[in-house]
>>> print(open('coords38.txt').read())   # compact mmCIF, C-alpha atoms
# COMPACT_ATOMS: atom_id res chain seq x y z
CA MET A 1 14.23 -7.53 -25.00
CA LYS A 2 12.26 -9.60 -22.54
CA ILE A 3 8.75 -8.28 -22.08
CA GLN A 4 7.11 -10.00 -19.15
CA PHE A 5 3.50 -9.31 -20.06
CA ASN A 6 1.26 -9.77 -23.06
CA GLU A 7 1.85 -6.84 -25.43
CA ALA A 8 -1.56 -7.44 -27.00
CA GLN A 9 -3.12 -6.00 -23.85
CA LEU A 10 -1.66 -2.58 -24.69
CA SER A 11 -3.50 -0.15 -26.92
CA ARG A 12 -1.92 0.61 -30.29
CA PRO A 13 -0.52 4.02 -29.13
CA GLN A 14 0.88 2.41 -25.95
CA ARG A 15 2.50 -0.42 -27.91
CA GLU A 16 4.05 1.94 -30.50
CA SER A 17 5.33 4.34 -27.83
CA LEU A 18 6.79 1.51 -25.75
CA ILE A 19 8.64 0.11 -28.76
CA LYS A 20 10.14 3.54 -29.54
CA VAL A 21 11.28 4.06 -25.95
CA LEU A 22 12.72 0.56 -25.67
CA ASP A 23 14.60 0.94 -28.97
CA VAL A 24 16.30 4.09 -27.64
CA LEU A 25 17.12 2.43 -24.30
CA GLN A 26 18.45 -0.72 -25.96
CA VAL A 27 20.97 1.29 -27.99
CA LYS A 28 22.34 2.80 -24.78
CA ASN A 29 22.56 -0.53 -22.92
CA GLU A 30 24.72 -3.57 -23.53
CA ASN A 31 22.53 -6.14 -21.74
CA GLU A 32 19.09 -7.29 -22.80
CA LEU A 33 16.31 -5.07 -21.43
CA VAL A 34 13.69 -6.65 -19.18
CA VAL A 35 10.26 -4.97 -19.04
CA MET A 36 7.94 -5.78 -16.14
CA PRO A 37 4.50 -4.42 -15.26
CA VAL A 38 4.24 -2.36 -12.07
CA GLU A 39 0.79 -0.78 -12.46
CA PHE A 40 -0.14 -2.23 -15.83
CA PRO A 41 -0.38 -0.53 -18.33
CA ASN A 42 0.25 2.88 -16.74
CA LYS A 43 3.60 2.07 -15.12
CA LEU A 44 6.24 -0.32 -16.44
CA LEU A 45 9.67 -1.10 -15.02
CA VAL A 46 12.60 -1.46 -17.43
CA MET A 47 15.73 -3.11 -16.05
CA LEU A 48 18.82 -1.52 -17.60
CA ASP A 49 22.53 -2.32 -17.33
CA ASP A 50 24.06 -2.74 -13.85
CA ASN A 51 20.63 -3.83 -12.51
CA ILE A 52 19.28 -0.28 -12.66
CA GLY A 53 15.52 0.05 -12.98
CA MET A 54 13.78 2.80 -14.90
CA LEU A 55 10.11 3.38 -14.28
CA LEU A 56 8.12 4.33 -17.37
CA GLY A 57 4.77 6.07 -16.99
CA TRP A 58 1.98 6.48 -19.54
CA ASP A 59 1.21 10.15 -20.27
CA VAL A 60 -2.43 10.31 -21.36
CA ASP A 61 -2.13 13.84 -22.79
CA LYS A 62 0.94 13.10 -24.92
CA GLN A 63 -0.15 9.50 -25.64
CA SER A 64 3.35 8.22 -24.92
CA TYR A 65 5.51 6.53 -22.29
CA ALA A 66 8.11 8.64 -20.50
CA GLY A 67 10.70 7.93 -17.81
CA LEU A 68 9.51 8.65 -14.27
CA THR A 69 12.92 8.05 -12.68
CA VAL A 70 16.33 9.03 -13.94
CA PRO A 71 18.68 6.04 -14.11
CA GLU A 72 22.12 6.49 -12.62
CA SER A 73 25.07 4.24 -12.02
CA PRO A 74 25.37 3.02 -8.41
CA ASN A 75 29.14 3.62 -8.72
CA LYS A 76 28.71 7.32 -9.51
CA PRO A 77 26.14 8.92 -7.17
CA LYS A 78 25.42 12.54 -7.98
CA ALA A 79 23.94 15.04 -5.57
CA GLY A 80 20.37 16.05 -6.30
CA THR A 81 19.56 13.12 -8.59
CA ILE A 82 16.86 10.56 -8.07
CA LYS A 83 18.04 7.15 -6.87
CA PRO A 84 17.38 4.28 -9.26
CA PHE A 85 14.26 2.27 -8.63
CA GLU A 86 15.12 -0.92 -6.78
CA LEU A 87 13.00 -4.02 -7.12
CA PRO A 88 11.41 -5.33 -3.94
CA GLU A 89 11.62 -9.03 -3.19
CA PRO A 90 9.14 -11.09 -5.26
CA GLU A 91 7.40 -12.32 -2.11
CA SER A 92 6.60 -8.78 -0.96
CA LEU A 93 5.19 -7.90 -4.37
CA THR A 94 2.58 -10.63 -4.24
CA GLU A 95 1.63 -9.80 -0.67
CA THR A 96 1.15 -6.07 -1.12
CA LYS A 97 -0.05 -5.55 -4.68
CA LEU A 98 -2.71 -7.30 -6.65
CA GLU A 99 -2.68 -6.91 -10.40
CA PRO A 100 -5.48 -4.72 -11.67
CA GLU A 101 -8.25 -6.50 -13.48
CA LEU A 102 -7.55 -6.45 -17.21
CA ASP A 103 -10.07 -5.37 -19.81
CA LEU A 104 -10.23 -8.37 -22.14
CA SER A 105 -12.89 -6.98 -24.48
CA PRO A 106 -10.36 -6.03 -27.23
CA VAL A 107 -8.88 -9.53 -27.06
CA PHE A 108 -12.33 -11.10 -27.34
CA GLU A 109 -13.16 -8.86 -30.31
CA ARG A 110 -9.99 -9.93 -32.12
CA ALA A 111 -10.66 -13.61 -31.37
CA GLU A 112 -14.19 -13.34 -32.77
CA ALA A 113 -12.92 -11.52 -35.87
CA LEU A 114 -10.30 -14.23 -36.41
CA ALA A 115 -12.94 -16.95 -36.09
CA ARG A 116 -15.19 -15.16 -38.62
CA VAL A 117 -12.30 -14.85 -41.11
CA LEU A 118 -11.49 -18.55 -40.80
CA ILE A 119 -15.15 -19.50 -41.26
CA ASN A 120 -15.46 -17.28 -44.36
CA LEU A 121 -12.28 -18.80 -45.81
CA SER A 122 -13.55 -22.33 -45.29
CA LYS A 123 -17.12 -21.75 -46.63
CA PRO A 124 -16.26 -22.68 -50.24
CA LEU A 125 -14.69 -25.98 -49.10
CA ASN A 126 -16.50 -29.27 -48.69
CA THR A 127 -17.14 -30.70 -45.21
CA GLU A 128 -14.05 -32.89 -45.16
CA GLN A 129 -11.79 -29.99 -46.18
CA ARG A 130 -13.39 -27.72 -43.56
CA ILE A 131 -12.62 -30.29 -40.87
CA GLU A 132 -8.99 -30.47 -42.06
CA VAL A 133 -8.69 -26.67 -41.87
CA TRP A 134 -10.15 -26.56 -38.35
CA VAL A 135 -7.95 -29.44 -37.16
CA LYS A 136 -4.86 -27.63 -38.49
CA PHE A 137 -6.03 -24.42 -36.79
CA CYS A 138 -6.55 -26.20 -33.47
CA LEU A 139 -3.11 -27.87 -33.68
CA VAL A 140 -1.38 -24.53 -34.24
CA LEU A 141 -3.44 -22.94 -31.46
CA SER A 142 -2.59 -25.66 -28.96
CA LYS A 143 1.14 -25.49 -29.84
CA GLU A 144 1.16 -21.72 -29.32
CA PHE A 145 -0.56 -22.04 -25.94
CA MET A 146 2.00 -24.60 -24.81
CA GLU A 147 4.95 -22.25 -25.44
>>> encode(input="coords38.txt", output="structure tokens")
Amino acid sequence: MKIQFNEAQLSRPQRESLIKVLDVLQVKNENELVVMPVEFPNKLLVMLDDNIGMLLGWDVDKQSYAGLTVPESPNKPKAGTIKPFELPEPESLTETKLEPELDLSPVFERAEALARVLINLSKPLNTEQRIEVWVKFCLVLSKEFME
């Protein structure tokens, strides 16, 4: 599965529900699923086999993602069914829609908690050892950001 957004920005119930839905969809599809934000995090687009898109919507009452469109094969149109969601050209997406501003407070809280844990772990060490720990931490951090 290719998820084209940072999963850490989802709440725990959203993340768990998305994983369950994607697991079910992956079993029914041969190709790798691609998940893209449409109206993040309330609407996500999942590209299925044969370039069919399924729009997933977040149901606040049920605390789960559910399909908003019914996927169908373009080779077998059925009367009365919803047409598959087709992706607009990338240029038109950037012109018409701006991404909603993300709430980064949970990310900041986790970063602060991680920093506190690392500080508490390095307190018993001498100054030289503390510097080694922080250098190692910064190396790993910079490598992860480069990927």
>>> closest_residue(input="coords38.txt", among="A:Ile131, A:Leu10, A:Ala66, A:Leu114", to="Val46 in chain A", atoms="only C-alpha atoms")
A:Ala66
>>> atom_distance(input="coords38.txt", atom1="CA of Cys138 in chain A", atom2="CA of Gln9 in chain A")
22.6 Å
>>> atom_distance(input="coords38.txt", atom1="CA of Met47 in chain A", atom2="CA of Pro13 in chain A")
22.0 Å
>>> atom_distance(input="coords38.txt", atom1="CA of Leu125 in chain A", atom2="CA of Lys143 in chain A")
24.9 Å
>>> closest_residue(input="coords38.txt", among="A:Val24, A:Ser17, A:Asp50, A:Asn29", to="Gln63 in chain A", atoms="only C-alpha atoms")
A:Ser17
>>> closest_residue(input="coords38.txt", among="A:Ala8, A:Ile119, A:Val27, A:Leu68", to="Leu44 in chain A", atoms="all atoms listed in the file")
A:Leu68
>>> residues_around(input="coords38.txt", residues="Pro41 in chain A", least_positions_apart="4", cutoff="12 Å", atoms="only C-alpha atoms", output="PyMOL selection string")
chain A and resi 5-11+13-15+18+35-37+45+55-60+64-65+99-103
>>> residues_around(input="coords38.txt", residues="Val133 in chain A", least_positions_apart="5", cutoff="9 Å", atoms="only C-alpha atoms", output="PDB file with C-alpha atoms, in the coordinates of the input")
ATOM      1  CA  LEU A 118     -11.490 -18.550 -40.800  1.00  0.00           C
ATOM      2  CA  SER A 122     -13.550 -22.330 -45.290  1.00  0.00           C
ATOM      3  CA  GLU A 128     -14.050 -32.890 -45.160  1.00  0.00           C
ATOM      4  CA  CYS A 138      -6.550 -26.200 -33.470  1.00  0.00           C
TER       5      CYS A 138
END
>>> residues_around(input="coords38.txt", residues="Glu30 in chain A", least_positions_apart="3", cutoff="12 Å", atoms="only C-alpha atoms", output="short mmCIF file (atom, residue, chain, number, x, y, z; two decimals) with C-alpha atoms, in the frame of the given file")
data_model
loop_
_atom_site.label_atom_id
_atom_site.label_comp_id
_atom_site.auth_asym_id
_atom_site.auth_seq_id
_atom_site.Cartn_x
_atom_site.Cartn_y
_atom_site.Cartn_z
CA MET A 1 14.23 -7.53 -25.00
CA LEU A 25 17.12 2.43 -24.30
CA GLN A 26 18.45 -0.72 -25.96
CA VAL A 27 20.97 1.29 -27.99
CA LEU A 33 16.31 -5.07 -21.43
CA MET A 47 15.73 -3.11 -16.05
CA LEU A 48 18.82 -1.52 -17.60
CA ASP A 49 22.53 -2.32 -17.33
CA ASP A 50 24.06 -2.74 -13.85
CA ASN A 51 20.63 -3.83 -12.51
#
>>> closest_residue(input="coords38.txt", among="A:Leu141, A:Met54, A:Val38, A:Leu22", to="Ala111 in chain A", atoms="all atoms listed in the file")
A:Leu141
>>> closest_residue(input="coords38.txt", among="A:Asn42, A:Asn31, A:Pro124, A:Ala115", to="Phe137 in chain A", atoms="only C-alpha atoms")
A:Ala115
>>> closest_residue(input="coords38.txt", among="A:Lys20, A:Arg110, A:Arg130, A:Lys2", to="Glu32 in chain A", atoms="all atoms listed in the file")
A:Lys2
